[in-house]
Amino acid sequence: MTYSAQQNWQEPELLDLSGAPVPQYGSGSLADLLPTLAAGQGVPGLTAGIAELTPADRNCVFLIDGLGWEQIKAHPAEAPFLTSLLGSSRGGTGRPITAGFPATTATSLASVGTGLPPAAHGLPGYAVRNPATGELMNQLRWKPWTQPKTWQPYPTVFQLADAAGVATSQVSSPDFQHTPLTKIALSGGSFHGRITGEDRMDLAALRLAAGDRSLVYTYYSELDGAGHRFGVDSDAWRGQLMYVDRLVQRLAEQLPPRSALYVTADHGMVDIPFDEDARIDYDEDWELGAGVALLGGEGRARHVYAVPGAQADVLTVWREVLGDRFWIASREEALELGWFGPPGACDERVLGRIGDVVAAAHAQVAITASRTEPNESALAGMHGSMTAAEQLVPLLEVRTP
């Protein structure tokens, strides 16, 4: 570097942690949705957190994996029916709700099903450390296997609704019926496995009509898969969005009387360029690995577990290397700022699952791990952080008198 270049060089400015867009826990997050609906149906012990919603006797939640608010707005031609419902979102305010942090499937589904933020239900990321074993636990694939009820002991809203006499059903892929994630997040009432999206919509409508008070959950995952493999700027993803749009309309047109359909998602998604500036390879960066015992989370929402005594040094280095592109917080800072739930909401059993350092992407970048996470590192589309494209999800509504 020449002398003149040295004079012009400036140290990158760290992102202000107070500027991170924290999820709206308690008033407008995924964790508030089912408690609000079930409270309106008279299920005891639950609070209506999303004040904009009007109670209905029959409620159906259709969760479309990977369908972010920003992605719907950007594709009106591919999703005309969804676009026509944008003004209905969040009780007719035309606003989205937030997924929660990290904006990832295991965390979000647990928030939906339990009505709790990640700091309480205990699934605070894609892969987190199990304090009992010191190993990384993949909470989506449930590997290595861990006792589900020990890992997440709280009842689901579906179980509470079923006990209160609400006709409660899940309509999803048969593959999900017996998974640990379903057991700890989505169980309660009856499970109905259907392979095609059309069959799920038809059966969801029938189950909705099965009781004077009913609560039905249905799910579609393939949009997310197309985004991961090909990106949200791909023809494959757009094709899936067109199909999803038709599914939502099919269900909406079959709603029985006194029903409310809510279309939402677990997260949005961003495309990450395939270059070394956008994909920072942890496995090839000695600075980022210094003092780190385990790297958890995923590319845009990392849990960093330091070796004993190295927490402060790891935090310093990660901020120096990545702090202009990621919000980098200590565990204590992230909890105090409300990333994983309202301050004070963290269960003692969950504390050690959260990284000593937590890194949330701000720029269009990801921390990959080419050797230890080859499949995840090769994904075109990613999610997990608190940017609008990942964090904001729809709450589109269709009602019948």
# chains A, B, ... in the order shown; residues from 1 in each chain; ligands from 1
$ closest_atom_pairs --of "region 176-258 of chain A" --to "region 150-157 of chain A" --cutoff "9 Å" --atoms "only C-alpha atoms" --output "CSV"
residue,atom,partner,partner_atom,distance
A:Ile184,CA,A:Gln152,CA,6.2
A:Ala185,CA,A:Thr156,CA,6.1
A:Leu186,CA,A:Thr156,CA,6.6
A:Ser187,CA,A:Thr156,CA,6.8
A:Gly188,CA,A:Thr156,CA,7.1
$ residues_around --residues "region 339-346 of chain A" --least-positions-apart "6" --cutoff "7 Å" --atoms "only C-alpha atoms" --output "number ranges by chain"
A: 22-23, 25, 101, 117-120
$ write_last_selection --atoms "N, CA, C and O atoms" --output "JSON list (two decimals), in the first residue's frame"
[["chain", "number", "residue", "atom", "x", "y", "z"],
["A", 22, "VAL", "N", -35.42, -5.35, 15.37],
["A", 22, "VAL", "CA", -35.78, -6.46, 16.26],
["A", 22, "VAL", "C", -37.21, -6.93, 15.96],
["A", 22, "VAL", "O", -38.10, -6.11, 15.71],
["A", 23, "PRO", "N", -37.46, -8.23, 15.97],
["A", 23, "PRO", "CA", -38.82, -8.75, 15.75],
["A", 23, "PRO", "C", -39.83, -8.17, 16.75],
["A", 23, "PRO", "O", -39.48, -7.83, 17.88],
["A", 25, "TYR", "N", -41.98, -9.13, 18.92],
["A", 25, "TYR", "CA", -42.49, -10.11, 19.86],
["A", 25, "TYR", "C", -43.55, -9.47, 20.77],
["A", 25, "TYR", "O", -43.36, -8.38, 21.29],
["A", 101, "PHE", "N", -36.25, -14.13, 15.34],
["A", 101, "PHE", "CA", -34.84, -14.34, 15.02],
["A", 101, "PHE", "C", -34.34, -15.63, 15.65],
["A", 101, "PHE", "O", -34.61, -15.88, 16.82],
["A", 117, "PRO", "N", -41.59, -17.09, 22.02],
["A", 117, "PRO", "CA", -40.41, -16.64, 21.28],
["A", 117, "PRO", "C", -39.29, -17.67, 21.39],
["A", 117, "PRO", "O", -39.31, -18.54, 22.27],
["A", 118, "PRO", "N", -38.27, -17.57, 20.53],
["A", 118, "PRO", "CA", -37.18, -18.56, 20.54],
["A", 118, "PRO", "C", -36.48, -18.70, 21.88],
["A", 118, "PRO", "O", -36.07, -19.81, 22.26],
["A", 119, "ALA", "N", -36.32, -17.61, 22.61],
["A", 119, "ALA", "CA", -35.63, -17.68, 23.90],
["A", 119, "ALA", "C", -36.37, -18.54, 24.90],
["A", 119, "ALA", "O", -35.76, -19.04, 25.86],
["A", 120, "ALA", "N", -37.66, -18.74, 24.70],
["A", 120, "ALA", "CA", -38.45, -19.57, 25.61],
["A", 120, "ALA", "C", -38.64, -20.98, 25.08],
["A", 120, "ALA", "O", -38.43, -21.96, 25.82]]
$ residues_around --residues "Thr179 (chain A)" --least-positions-apart "4" --cutoff "12 Å" --atoms "only C-alpha atoms" --output "number ranges by chain"
A: 106, 139-143, 145-148, 173-175, 183-187
$ residues_around --residues "Met201 (chain A)" --least-positions-apart "6" --cutoff "7 Å" --atoms "only C-alpha atoms" --output "ChimeraX atom specification"
/A:247,250-251
$ write_last_selection --atoms "all heavy atoms" --output "PDB file, in the first residue's frame"
ATOM      1  N   LEU A 247     -52.934 -22.262  -5.229  1.00  0.00           N
ATOM      2  CA  LEU A 247     -53.347 -23.022  -4.045  1.00  0.00           C
ATOM      3  C   LEU A 247     -54.104 -22.146  -3.061  1.00  0.00           C
ATOM      4  O   LEU A 247     -55.138 -22.557  -2.503  1.00  0.00           O
ATOM      5  CB  LEU A 247     -52.125 -23.633  -3.353  1.00  0.00           C
ATOM      6  CG  LEU A 247     -51.417 -24.788  -4.040  1.00  0.00           C
ATOM      7  CD1 LEU A 247     -50.263 -25.278  -3.179  1.00  0.00           C
ATOM      8  CD2 LEU A 247     -52.372 -25.939  -4.346  1.00  0.00           C
ATOM      9  N   ARG A 250     -57.516 -21.494  -4.337  1.00  0.00           N
ATOM     10  CA  ARG A 250     -58.336 -22.711  -4.239  1.00  0.00           C
ATOM     11  C   ARG A 250     -58.894 -22.878  -2.825  1.00  0.00           C
ATOM     12  O   ARG A 250     -60.078 -23.196  -2.653  1.00  0.00           O
ATOM     13  CB  ARG A 250     -57.482 -23.927  -4.623  1.00  0.00           C
ATOM     14  CG  ARG A 250     -58.242 -25.253  -4.654  1.00  0.00           C
ATOM     15  CD  ARG A 250     -57.288 -26.407  -4.909  1.00  0.00           C
ATOM     16  NE  ARG A 250     -57.960 -27.681  -5.059  1.00  0.00           N
ATOM     17  CZ  ARG A 250     -58.150 -28.321  -6.215  1.00  0.00           C
ATOM     18  NH1 ARG A 250     -57.717 -27.780  -7.339  1.00  0.00           N
ATOM     19  NH2 ARG A 250     -58.771 -29.484  -6.266  1.00  0.00           N
ATOM     20  N   LEU A 251     -58.064 -22.674  -1.823  1.00  0.00           N
ATOM     21  CA  LEU A 251     -58.520 -22.799  -0.443  1.00  0.00           C
ATOM     22  C   LEU A 251     -59.504 -21.687  -0.094  1.00  0.00           C
ATOM     23  O   LEU A 251     -60.543 -21.933   0.542  1.00  0.00           O
ATOM     24  CB  LEU A 251     -57.321 -22.774   0.499  1.00  0.00           C
ATOM     25  CG  LEU A 251     -57.605 -22.835   2.000  1.00  0.00           C
ATOM     26  CD1 LEU A 251     -58.486 -24.031   2.344  1.00  0.00           C
ATOM     27  CD2 LEU A 251     -56.294 -22.894   2.783  1.00  0.00           C
TER      28      LEU A 251
END
$ residues_around --residues "His362 (chain A)" --least-positions-apart "3" --cutoff "10 Å" --atoms "only C-alpha atoms" --output "ChimeraX atom specification"
/A:15,20,300,323-327,359,365-366,385-388
$ closest_residue --among "A:Ile97, A:Ala265, A:Ala312, A:Leu85" --to "Asp32 (chain A)" --atoms "only C-alpha atoms"
A:Ile97
$ select_by_dssp --residues "region 84-211 of chain A" --states "strand (DSSP E or B)" --output "JSON, numbers by chain"
{"A": [97, 98, 127, 128, 129, 136, 137, 138, 143, 167, 168, 169, 170, 171, 172, 190, 191, 192, 193]}
$ write_last_selection --atoms "C-alpha atoms" --output "mmCIF file, in the first residue's frame"
data_model
loop_
_atom_site.group_PDB
_atom_site.id
_atom_site.type_symbol
_atom_site.label_atom_id
_atom_site.label_comp_id
_atom_site.auth_asym_id
_atom_site.auth_seq_id
_atom_site.Cartn_x
_atom_site.Cartn_y
_atom_site.Cartn_z
ATOM 1 C CA ILE A 97 -45.703 -9.267 10.777
ATOM 2 C CA THR A 98 -42.205 -10.446 11.729
ATOM 3 C CA ALA A 127 -28.009 -25.677 14.367
ATOM 4 C CA VAL A 128 -27.175 -24.865 17.998
ATOM 5 C CA ARG A 129 -25.017 -26.292 20.738
ATOM 6 C CA LEU A 136 -24.117 -29.120 17.555
ATOM 7 C CA MET A 137 -27.778 -30.131 17.328
ATOM 8 C CA ASN A 138 -29.490 -29.620 13.950
ATOM 9 C CA LYS A 143 -29.564 -34.747 14.520
ATOM 10 C CA ALA A 167 -61.732 -29.088 16.389
ATOM 11 C CA THR A 168 -57.996 -28.979 15.727
ATOM 12 C CA SER A 169 -56.194 -30.381 12.673
ATOM 13 C CA GLN A 170 -52.898 -30.275 10.804
ATOM 14 C CA VAL A 171 -52.929 -30.994 7.068
ATOM 15 C CA SER A 172 -49.448 -31.467 5.662
ATOM 16 C CA SER A 190 -55.531 -34.813 14.387
ATOM 17 C CA PHE A 191 -52.863 -35.028 11.670
ATOM 18 C CA HIS A 192 -53.893 -35.606 8.049
ATOM 19 C CA GLY A 193 -51.176 -36.402 5.523
#
$ atom_distance --atom1 "CA of Asp356 (chain A)" --atom2 "CA of His303 (chain A)"
7.2 Å
$ closest_residue --among "A:Val398, A:Ala103, A:Ile64, A:Ala389" --to "Gly91 (chain A)" --atoms "only C-alpha atoms"
A:Val398
$ closest_residue --among "A:Thr107, A:Ser221, A:Thr133, A:Gln41" --to "Val166 (chain A)" --atoms "only C-alpha atoms"
A:Gln41
$ residues_around --residues "Arg95 (chain A)" --least-positions-apart "3" --cutoff "12 Å" --atoms "only C-alpha atoms" --output "PyMOL selection string"
chain A and resi 28-29+50+52+69-70+73+85-92+98+392-397
$ write_last_selection --atoms "C-alpha atoms" --output "PDB file, in the first residue's frame"
ATOM      1  CA  GLY A  28     -46.822  -8.639  15.751  1.00  0.00           C
ATOM      2  CA  SER A  29     -44.670 -11.743  15.416  1.00  0.00           C
ATOM      3  CA  ILE A  50     -51.971  -9.150  17.472  1.00  0.00           C
ATOM      4  CA  GLU A  52     -55.569  -5.894  14.678  1.00  0.00           C
ATOM      5  CA  TRP A  69     -43.553 -10.146   2.312  1.00  0.00           C
ATOM      6  CA  GLU A  70     -40.955  -8.480   0.099  1.00  0.00           C
ATOM      7  CA  LYS A  73     -44.609  -7.365  -3.425  1.00  0.00           C
ATOM      8  CA  LEU A  85     -54.762  -9.660  -0.607  1.00  0.00           C
ATOM      9  CA  LEU A  86     -51.837  -7.448   0.435  1.00  0.00           C
ATOM     10  CA  GLY A  87     -54.171  -4.792   1.804  1.00  0.00           C
ATOM     11  CA  SER A  88     -55.855  -7.383   4.033  1.00  0.00           C
ATOM     12  CA  SER A  89     -52.624  -8.234   5.839  1.00  0.00           C
ATOM     13  CA  ARG A  90     -52.550  -7.876   9.604  1.00  0.00           C
ATOM     14  CA  GLY A  91     -56.217  -7.191  10.066  1.00  0.00           C
ATOM     15  CA  GLY A  92     -56.625  -4.883   7.089  1.00  0.00           C
ATOM     16  CA  THR A  98     -42.205 -10.446  11.729  1.00  0.00           C
ATOM     17  CA  LEU A 392     -41.073  -9.640   7.197  1.00  0.00           C
ATOM     18  CA  VAL A 393     -43.803 -12.179   6.455  1.00  0.00           C
ATOM     19  CA  PRO A 394     -47.389 -11.716   5.299  1.00  0.00           C
ATOM     20  CA  LEU A 395     -50.535 -12.218   7.324  1.00  0.00           C
ATOM     21  CA  LEU A 396     -52.995 -12.143   4.435  1.00  0.00           C
ATOM     22  CA  GLU A 397     -56.643 -12.646   5.354  1.00  0.00           C
TER      23      GLU A 397
END
$ select_by_dssp --residues "region 54-290 of chain A" --states "helix (DSSP H, G or I)" --output "ChimeraX atom specification"
/A:69-73,80-84,86-92,105-114,118-121,148-151,157-163,174-176,180-185,197-208,222-230,235-252,282-284,286-289
$ closest_residue --among "A:Ser259, A:Ser27, A:Thr93, A:Ser111" --to "Cys60 (chain A)" --atoms "only C-alpha atoms"
A:Ser259
$ atom_distance --atom1 "CA of Gly122 (chain A)" --atom2 "CA of Ala293 (chain A)"
20.9 Å
